[in-house]
Amino acid sequence: MAKRKLSRRQSWRIDKIQAERTARAQRREERTLEELDGSDLGSEQEGLVISHFGVQVEVEASSTELAGQRLRCYLRANLPALVTGDKVIWRAGNQGLGVIVAQLPRQSELCRPDMQGKLKPVAANIDQILIVFAPLPEPHANLIDRYLVAASHAGIKPILLLNKADLLGQDKTHKAKKLLDIYQKLGYSILQVSAYSGSGMQELENVLKERVSVVVGQSGVGKSSLINRLLPEAQAAVGALSELSGKGTHTTTTARLFYFPNGGSLIDSPGIREFGLAHVSIDDIEAGFIEFHPFLGRCRFRNCSHEHEPGCALLEAVAQGHISHERLTSFKSLTANLSER
Ligand SMILES: Nc1nc2c(ncn2[C@@H]2O[C@H](COP(=O)(O)OP(=O)(O)OP(=O)(O)O)[C@@H](O)[C@H]2O)c(=O)[nH]1
Ligand SMILES: [Zn+2]
């Protein structure tokens with residue numbers, strides 16, 4: 001869309017109209033909430049936030065009598081912003097609407113920077129992060145390590161998922177094999193699957209059971225293909241959401257929770273698939289490189305660049321085979337990015 005430059009007066013008017021519109025919407029919400037609160041509310045019960053729409057959220061009842069039933073709920077004013085995956089206490093009101101009266105503590109949260117660069121939670125209570133990579137496009141250890149750092153920072157179990165295993169026999173796939181070997185030795189959970197041939201999908205379904213997962217990974221590794229196979233309904237929904245929000249703003253699209261037919265659930269949104277590319281600190285990076293722990297802080301020079309210095313503990317660890325060359329390169333690149341900021 002071509003952007004016309006607005007005069008100061010015009011943009012002031014637009015701001016004013018928008019502010020009035022927001023205020024009206026807010027008053028409407030408050031009235032509905034008052035009406036709901038004034039009506040006979042049902043008893044308190046637990047629920048799960050499936051998605052959110054501005055100030056309302058879609059909640060699924062967790063109790064056995066109502067299990068699976070979903071309804072739109074309003075939030076009491078004292079509540080913090082809720083995200084998909086949050087567990088809440090709610091009460092049913094009239095007109096098929098409900099009121100959320102409390103947020104239950106979160107086991108974990110995924111955060112992303114908002115438009116102002118402030119970290120904000122986008123999903124809660126996630127059990128595992130599936131980091132998808134593939135022989136092609138050639139995997140970057142750097143990016144995988146970045147996801148691992150983010151997972152470690154969030155305190156969520158990472159699972160490395162090599163998709164397109166059907167390509168492993170071919171040329172140009174030695175990088176993937178090498179990385180498989182490195183991460184296997186480090187003790188990470190690894191699965192090899194093919195969204196095409198279906199190999200390994202049974203094991204994957206078992207890993208997804210009874211857990212809440214998110215899927216992340218570089219573009220082109222087959223995240224959509226995998227999710228499509230596991231969950232046709234989610235793919236359609238996420239696709240529709242990204243189209244609606246348009247290019248460039250898709251990272252702000254809210255997440256949604258989907259159930260896998262064979263058990264477990266997925267929280268997904270275009271923004272979540274890119275999770276991990278947000279800001280991390282040097283401490284987060286160091287914590288995420290598990291095999292580096294015995295060697296960190298052991299270099300002779302405090303400001304060691306781990307390039308050529310005598311007495312560099314990390315270079316020695318590489319020479320002795322405790323740290324792989326790839327991981328050191330990736331560590332240096334992640335920390336270098338950090339100091340450039
Ligand atoms: N050989 C092979 N190709 C696959 C497999 N899974 C997906 N692909 C192909 O890889 C390409 C990328 O797949 P997508 O599912 O779009 O990848 P994505 O990770 O969702 O990509 P983005 O939407 O860009 O993030 C497509 O051409 C798929 O057909 C697989 O198991 N084997
Ligand atoms: Zn060093």
# chains A, B, ... in the order shown; residues from 1 in each chain; ligands from 1
>>> residues_near_ligand(ligand="ligand 1", cutoff="6 Å", atoms="only C-alpha atoms and all ligand atoms", output="PyMOL selection string")
chain A and resi 163-164+166-167+194-196+219-225
>>> write_last_selection(atoms="C-alpha atoms", output="PDB file, in the first residue's frame")
ATOM      1  CA  ASN A 163      12.821 -34.181   8.940  1.00  0.00           C
ATOM      2  CA  LYS A 164      13.354 -35.323   5.329  1.00  0.00           C
ATOM      3  CA  ASP A 166      14.384 -39.799   3.102  1.00  0.00           C
ATOM      4  CA  LEU A 167      17.111 -37.497   1.705  1.00  0.00           C
ATOM      5  CA  SER A 194      10.028 -37.999   6.951  1.00  0.00           C
ATOM      6  CA  ALA A 195       6.833 -36.087   6.405  1.00  0.00           C
ATOM      7  CA  TYR A 196       6.935 -37.540   2.882  1.00  0.00           C
ATOM      8  CA  SER A 219      12.280 -21.921   6.779  1.00  0.00           C
ATOM      9  CA  GLY A 220      11.919 -24.860   4.408  1.00  0.00           C
ATOM     10  CA  VAL A 221      12.715 -27.687   6.833  1.00  0.00           C
ATOM     11  CA  GLY A 222       9.153 -28.982   6.579  1.00  0.00           C
ATOM     12  CA  LYS A 223       7.350 -27.667   9.661  1.00  0.00           C
ATOM     13  CA  SER A 224       4.124 -27.135   7.730  1.00  0.00           C
ATOM     14  CA  SER A 225       4.404 -30.517   6.029  1.00  0.00           C
TER      15      SER A 225
END
>>> residues_around(residues="Asp283 in chain A", least_positions_apart="5", cutoff="12 Å", atoms="only C-alpha atoms", output="JSON, numbers by chain")
{"A": [149, 150, 152, 153, 288, 289, 290, 293, 296, 297, 331, 334, 335, 338]}
>>> write_last_selection(atoms="C-alpha atoms", output="PDB file, in the first residue's frame")
ATOM      1  CA  VAL A 149      19.735 -21.693  24.056  1.00  0.00           C
ATOM      2  CA  ALA A 150      16.218 -20.294  23.935  1.00  0.00           C
ATOM      3  CA  SER A 152      17.215 -23.806  27.976  1.00  0.00           C
ATOM      4  CA  HIS A 153      16.457 -20.205  28.902  1.00  0.00           C
ATOM      5  CA  GLY A 288      22.522 -23.356  26.682  1.00  0.00           C
ATOM      6  CA  PHE A 289      25.902 -24.796  25.674  1.00  0.00           C
ATOM      7  CA  ILE A 290      25.820 -27.637  28.184  1.00  0.00           C
ATOM      8  CA  HIS A 293      30.114 -25.613  31.424  1.00  0.00           C
ATOM      9  CA  LEU A 296      33.786 -21.576  30.880  1.00  0.00           C
ATOM     10  CA  GLY A 297      35.702 -18.968  32.844  1.00  0.00           C
ATOM     11  CA  PHE A 331      29.045 -20.221  20.303  1.00  0.00           C
ATOM     12  CA  LEU A 334      26.064 -16.128  18.932  1.00  0.00           C
ATOM     13  CA  THR A 335      28.121 -14.199  21.469  1.00  0.00           C
ATOM     14  CA  LEU A 338      25.283 -10.091  21.097  1.00  0.00           C
TER      15      LEU A 338
END
>>> residues_near_ligand(ligand="ligand 2", cutoff="8 Å", atoms="only C-alpha atoms and all ligand atoms", output="short mmCIF file (atom, residue, chain, number, x, y, z; two decimals) with N, CA and C atoms, in the first residue's frame")
data_model
loop_
_atom_site.label_atom_id
_atom_site.label_comp_id
_atom_site.auth_asym_id
_atom_site.auth_seq_id
_atom_site.Cartn_x
_atom_site.Cartn_y
_atom_site.Cartn_z
N ARG A 298 37.56 -20.49 32.39
CA ARG A 298 38.87 -21.10 32.66
C ARG A 298 39.97 -20.60 31.72
N CYS A 299 39.61 -19.69 30.79
CA CYS A 299 40.63 -19.19 29.87
C CYS A 299 41.63 -18.31 30.63
N ARG A 300 42.87 -18.26 30.15
CA ARG A 300 43.89 -17.48 30.85
C ARG A 300 43.53 -16.00 30.86
N PHE A 301 43.01 -15.51 29.69
CA PHE A 301 42.65 -14.10 29.60
C PHE A 301 41.16 -13.93 29.80
N ASN A 303 39.18 -11.59 28.75
CA ASN A 303 38.47 -11.19 27.53
C ASN A 303 38.85 -12.09 26.35
N CYS A 304 39.12 -13.35 26.63
CA CYS A 304 39.55 -14.30 25.60
C CYS A 304 38.52 -14.37 24.47
N SER A 305 39.00 -14.32 23.22
CA SER A 305 38.07 -14.42 22.10
C SER A 305 37.96 -15.87 21.62
N HIS A 306 38.69 -16.77 22.27
CA HIS A 306 38.69 -18.19 21.93
C HIS A 306 39.07 -18.40 20.47
N GLU A 307 39.96 -17.56 19.96
CA GLU A 307 40.38 -17.67 18.55
C GLU A 307 41.78 -18.27 18.47
N GLU A 309 44.23 -17.45 21.45
CA GLU A 309 44.93 -17.14 22.68
C GLU A 309 45.57 -18.37 23.31
N GLY A 311 46.41 -20.68 26.36
CA GLY A 311 45.68 -20.92 27.61
C GLY A 311 44.18 -20.76 27.45
N CYS A 312 43.67 -20.87 26.20
CA CYS A 312 42.21 -20.80 26.00
C CYS A 312 41.61 -22.16 26.33
N ALA A 313 40.77 -22.18 27.36
CA ALA A 313 40.19 -23.45 27.84
C ALA A 313 39.28 -24.08 26.79
N LEU A 314 38.60 -23.24 26.01
CA LEU A 314 37.67 -23.78 25.02
C LEU A 314 38.43 -24.41 23.85
N LEU A 315 39.49 -23.74 23.38
CA LEU A 315 40.29 -24.31 22.29
C LEU A 315 40.93 -25.63 22.74
#
>>> atom_distance(atom1="CA of Ala165 in chain A", atom2="CA of Pro135 in chain A")
7.5 Å
>>> select_by_dssp(residues="range 109-313 of chain A", states="strand (DSSP E)", output="ChimeraX atom specification")
/A:109-113,119-124,128-133,157-162,189-192,212-217,256-259,265-268
>>> closest_residue(among="A:Gln26, A:Gln10, A:Asn142, A:Asn78", to="Leu179 in chain A", atoms="only C-alpha atoms")
A:Asn142
>>> residues_around(residues="Ala123 in chain A", least_positions_apart="4", cutoff="7 Å", atoms="only C-alpha atoms", output="list in words")
Val83, Thr84, Gly85, Glu109 and Leu110 of chain A
>>> residues_around(residues="Ser189 in chain A", least_positions_apart="2", cutoff="12 Å", atoms="only C-alpha atoms", output="PyMOL selection string")
chain A and resi 128-131+148+157-162+180-187+191-192+204+207
>>> write_last_selection(atoms="N, CA and C atoms", output="mmCIF file, in the first residue's frame")
data_model
loop_
_atom_site.group_PDB
_atom_site.id
_atom_site.type_symbol
_atom_site.label_atom_id
_atom_site.label_comp_id
_atom_site.auth_asym_id
_atom_site.auth_seq_id
_atom_site.Cartn_x
_atom_site.Cartn_y
_atom_site.Cartn_z
ATOM 1 N N GLN A 128 7.452 -29.148 25.678
ATOM 2 C CA GLN A 128 8.609 -29.449 24.820
ATOM 3 C C GLN A 128 8.611 -28.629 23.536
ATOM 4 N N ILE A 129 9.837 -28.339 23.102
ATOM 5 C CA ILE A 129 10.028 -27.579 21.863
ATOM 6 C C ILE A 129 10.645 -28.507 20.835
ATOM 7 N N LEU A 130 9.951 -28.728 19.731
ATOM 8 C CA LEU A 130 10.518 -29.558 18.665
ATOM 9 C C LEU A 130 11.292 -28.655 17.730
ATOM 10 N N ILE A 131 12.609 -28.845 17.693
ATOM 11 C CA ILE A 131 13.452 -28.040 16.820
ATOM 12 C C ILE A 131 13.653 -28.835 15.534
ATOM 13 N N LEU A 148 18.320 -24.033 20.913
ATOM 14 C CA LEU A 148 18.653 -24.780 22.140
ATOM 15 C C LEU A 148 18.858 -23.823 23.307
ATOM 16 N N LYS A 157 12.004 -28.501 27.637
ATOM 17 C CA LYS A 157 12.800 -29.568 27.024
ATOM 18 C C LYS A 157 12.847 -29.441 25.502
ATOM 19 N N PRO A 158 14.068 -29.419 24.920
ATOM 20 C CA PRO A 158 14.156 -29.397 23.460
ATOM 21 C C PRO A 158 14.210 -30.818 22.900
ATOM 22 N N ILE A 159 13.606 -31.024 21.746
ATOM 23 C CA ILE A 159 13.731 -32.302 21.038
ATOM 24 C C ILE A 159 14.158 -31.969 19.618
ATOM 25 N N LEU A 160 15.252 -32.566 19.182
ATOM 26 C CA LEU A 160 15.719 -32.291 17.826
ATOM 27 C C LEU A 160 15.034 -33.248 16.864
ATOM 28 N N LEU A 161 14.413 -32.670 15.850
ATOM 29 C CA LEU A 161 13.627 -33.470 14.923
ATOM 30 C C LEU A 161 14.200 -33.302 13.524
ATOM 31 N N LEU A 162 14.887 -34.337 13.060
ATOM 32 C CA LEU A 162 15.417 -34.283 11.704
ATOM 33 C C LEU A 162 14.336 -34.753 10.746
ATOM 34 N N LEU A 180 23.730 -34.475 13.551
ATOM 35 C CA LEU A 180 23.026 -35.548 14.259
ATOM 36 C C LEU A 180 23.964 -36.188 15.266
ATOM 37 N N ASP A 181 25.170 -36.459 14.773
ATOM 38 C CA ASP A 181 26.173 -37.108 15.597
ATOM 39 C C ASP A 181 26.550 -36.234 16.804
ATOM 40 N N ILE A 182 26.776 -34.950 16.537
ATOM 41 C CA ILE A 182 27.168 -34.020 17.610
ATOM 42 C C ILE A 182 26.089 -33.943 18.687
ATOM 43 N N TYR A 183 24.845 -33.748 18.282
ATOM 44 C CA TYR A 183 23.769 -33.567 19.273
ATOM 45 C C TYR A 183 23.429 -34.862 19.993
ATOM 46 N N GLN A 184 23.599 -35.980 19.288
ATOM 47 C CA GLN A 184 23.376 -37.277 19.930
ATOM 48 C C GLN A 184 24.364 -37.455 21.082
ATOM 49 N N LYS A 185 25.637 -37.126 20.804
ATOM 50 C CA LYS A 185 26.688 -37.275 21.820
ATOM 51 C C LYS A 185 26.435 -36.354 23.011
ATOM 52 N N LEU A 186 25.816 -35.202 22.758
ATOM 53 C CA LEU A 186 25.548 -34.261 23.851
ATOM 54 C C LEU A 186 24.354 -34.711 24.689
ATOM 55 N N GLY A 187 23.664 -35.749 24.225
ATOM 56 C CA GLY A 187 22.577 -36.322 25.014
ATOM 57 C C GLY A 187 21.207 -35.731 24.742
ATOM 58 N N LEU A 191 14.929 -37.312 17.001
ATOM 59 C CA LEU A 191 14.061 -38.188 16.221
ATOM 60 C C LEU A 191 14.351 -37.944 14.751
ATOM 61 N N GLN A 192 14.285 -39.000 13.954
ATOM 62 C CA GLN A 192 14.437 -38.843 12.499
ATOM 63 C C GLN A 192 13.130 -39.237 11.845
ATOM 64 N N LEU A 204 7.213 -40.249 16.566
ATOM 65 C CA LEU A 204 6.934 -38.836 16.826
ATOM 66 C C LEU A 204 5.591 -38.694 17.548
ATOM 67 N N VAL A 207 5.932 -39.366 21.144
ATOM 68 C CA VAL A 207 6.612 -38.291 21.874
ATOM 69 C C VAL A 207 5.661 -37.119 22.130
#
>>> closest_residue(among="A:Leu41, A:Val318, A:Val49, A:Val122", to="Glu274 in chain A", atoms="only C-alpha atoms")
A:Val122
>>> closest_atom_pairs(of="range 124-146 of chain A", to="range 98-107 of chain A", cutoff="10 Å", atoms="only C-alpha atoms", output="CSV")
residue,atom,partner,partner_atom,distance
A:Ala124,CA,A:Arg106,CA,6.3
A:Asn125,CA,A:Gln107,CA,5.1
A:Ile126,CA,A:Gln107,CA,7.6
A:Asp127,CA,A:Gln107,CA,8.5
>>> select_by_dssp(residues="range 2-226 of chain A", states="alpha helix (DSSP H)", output="PyMOL selection string")
chain A and resi 8-38+141-154+174-185+201-208+223-226
>>> closest_residue(among="A:Leu168, A:Leu231, A:Ala141, A:Ala287", to="Leu328 in chain A", atoms="only C-alpha atoms")
A:Ala141
>>> residues_around(residues="Ile227 in chain A", least_positions_apart="2", cutoff="12 Å", atoms="only C-alpha atoms", output="NGL selection string")
:A and (130 or 132 or 163 or 194-196 or 201 or 204-205 or 208 or 213-216 or 221-225 or 229-239 or 258-261 or 265-269 or 273)
>>> closest_residue(among="A:Arg91, A:Arg27, A:Ala19, A:Asp86", to="Ala255 in chain A", atoms="only C-alpha atoms")
A:Asp86
>>> atom_distance(atom1="CA of Arg9 in chain A", atom2="CA of Gly117 in chain A")
28.8 Å
>>> closest_residue(among="A:Asn94, A:Thr32, A:Gln116, A:Asn206", to="Leu75 in chain A", atoms="only C-alpha atoms")
A:Thr32
>>> residues_around(residues="Ser63 in chain A", least_positions_apart="2", cutoff="9 Å", atoms="only C-alpha atoms", output="count of residues only")
8
>>> decode(residues="range 132-172 of chain A", atoms="C-alpha atoms", output="PDB file, in the first residue's frame")
ATOM      1  CA  VAL A 132      13.042 -29.147  13.208  1.00  0.00           C
ATOM      2  CA  PHE A 133      15.995 -29.342  10.848  1.00  0.00           C
ATOM      3  CA  ALA A 134      16.631 -31.236   7.622  1.00  0.00           C
ATOM      4  CA  PRO A 135      19.455 -32.358   5.327  1.00  0.00           C
ATOM      5  CA  LEU A 136      18.234 -29.667   2.920  1.00  0.00           C
ATOM      6  CA  PRO A 137      18.193 -26.709   3.252  1.00  0.00           C
ATOM      7  CA  GLU A 138      21.628 -27.348   4.727  1.00  0.00           C
ATOM      8  CA  PRO A 139      21.306 -26.950   8.494  1.00  0.00           C
ATOM      9  CA  HIS A 140      23.093 -24.177  10.343  1.00  0.00           C
ATOM     10  CA  ALA A 141      24.435 -25.374  13.684  1.00  0.00           C
ATOM     11  CA  ASN A 142      24.235 -21.756  14.655  1.00  0.00           C
ATOM     12  CA  LEU A 143      20.480 -21.582  14.317  1.00  0.00           C
ATOM     13  CA  ILE A 144      19.860 -24.920  16.018  1.00  0.00           C
ATOM     14  CA  ASP A 145      22.092 -23.814  18.885  1.00  0.00           C
ATOM     15  CA  ARG A 146      20.174 -20.617  19.126  1.00  0.00           C
ATOM     16  CA  TYR A 147      16.948 -22.566  19.551  1.00  0.00           C
ATOM     17  CA  LEU A 148      18.653 -24.780  22.140  1.00  0.00           C
ATOM     18  CA  VAL A 149      19.735 -21.693  24.056  1.00  0.00           C
ATOM     19  CA  ALA A 150      16.218 -20.294  23.935  1.00  0.00           C
ATOM     20  CA  ALA A 151      14.748 -23.600  25.126  1.00  0.00           C
ATOM     21  CA  SER A 152      17.215 -23.806  27.976  1.00  0.00           C
ATOM     22  CA  HIS A 153      16.457 -20.205  28.902  1.00  0.00           C
ATOM     23  CA  ALA A 154      12.722 -20.931  28.968  1.00  0.00           C
ATOM     24  CA  GLY A 155      13.313 -24.134  30.951  1.00  0.00           C
ATOM     25  CA  ILE A 156      11.550 -26.223  28.298  1.00  0.00           C
ATOM     26  CA  LYS A 157      12.800 -29.568  27.024  1.00  0.00           C
ATOM     27  CA  PRO A 158      14.156 -29.397  23.460  1.00  0.00           C
ATOM     28  CA  ILE A 159      13.731 -32.302  21.038  1.00  0.00           C
ATOM     29  CA  LEU A 160      15.719 -32.291  17.826  1.00  0.00           C
ATOM     30  CA  LEU A 161      13.627 -33.470  14.923  1.00  0.00           C
ATOM     31  CA  LEU A 162      15.417 -34.283  11.704  1.00  0.00           C
ATOM     32  CA  ASN A 163      12.821 -34.181   8.940  1.00  0.00           C
ATOM     33  CA  LYS A 164      13.354 -35.323   5.329  1.00  0.00           C
ATOM     34  CA  ALA A 165      15.217 -38.402   6.566  1.00  0.00           C
ATOM     35  CA  ASP A 166      14.384 -39.799   3.102  1.00  0.00           C
ATOM     36  CA  LEU A 167      17.111 -37.497   1.705  1.00  0.00           C
ATOM     37  CA  LEU A 168      19.874 -38.722   4.034  1.00  0.00           C
ATOM     38  CA  GLY A 169      21.396 -41.148   1.542  1.00  0.00           C
ATOM     39  CA  GLN A 170      21.976 -38.416  -1.036  1.00  0.00           C
ATOM     40  CA  ASP A 171      24.882 -36.048  -1.694  1.00  0.00           C
ATOM     41  CA  LYS A 172      25.258 -32.838   0.280  1.00  0.00           C
TER      42      LYS A 172
END
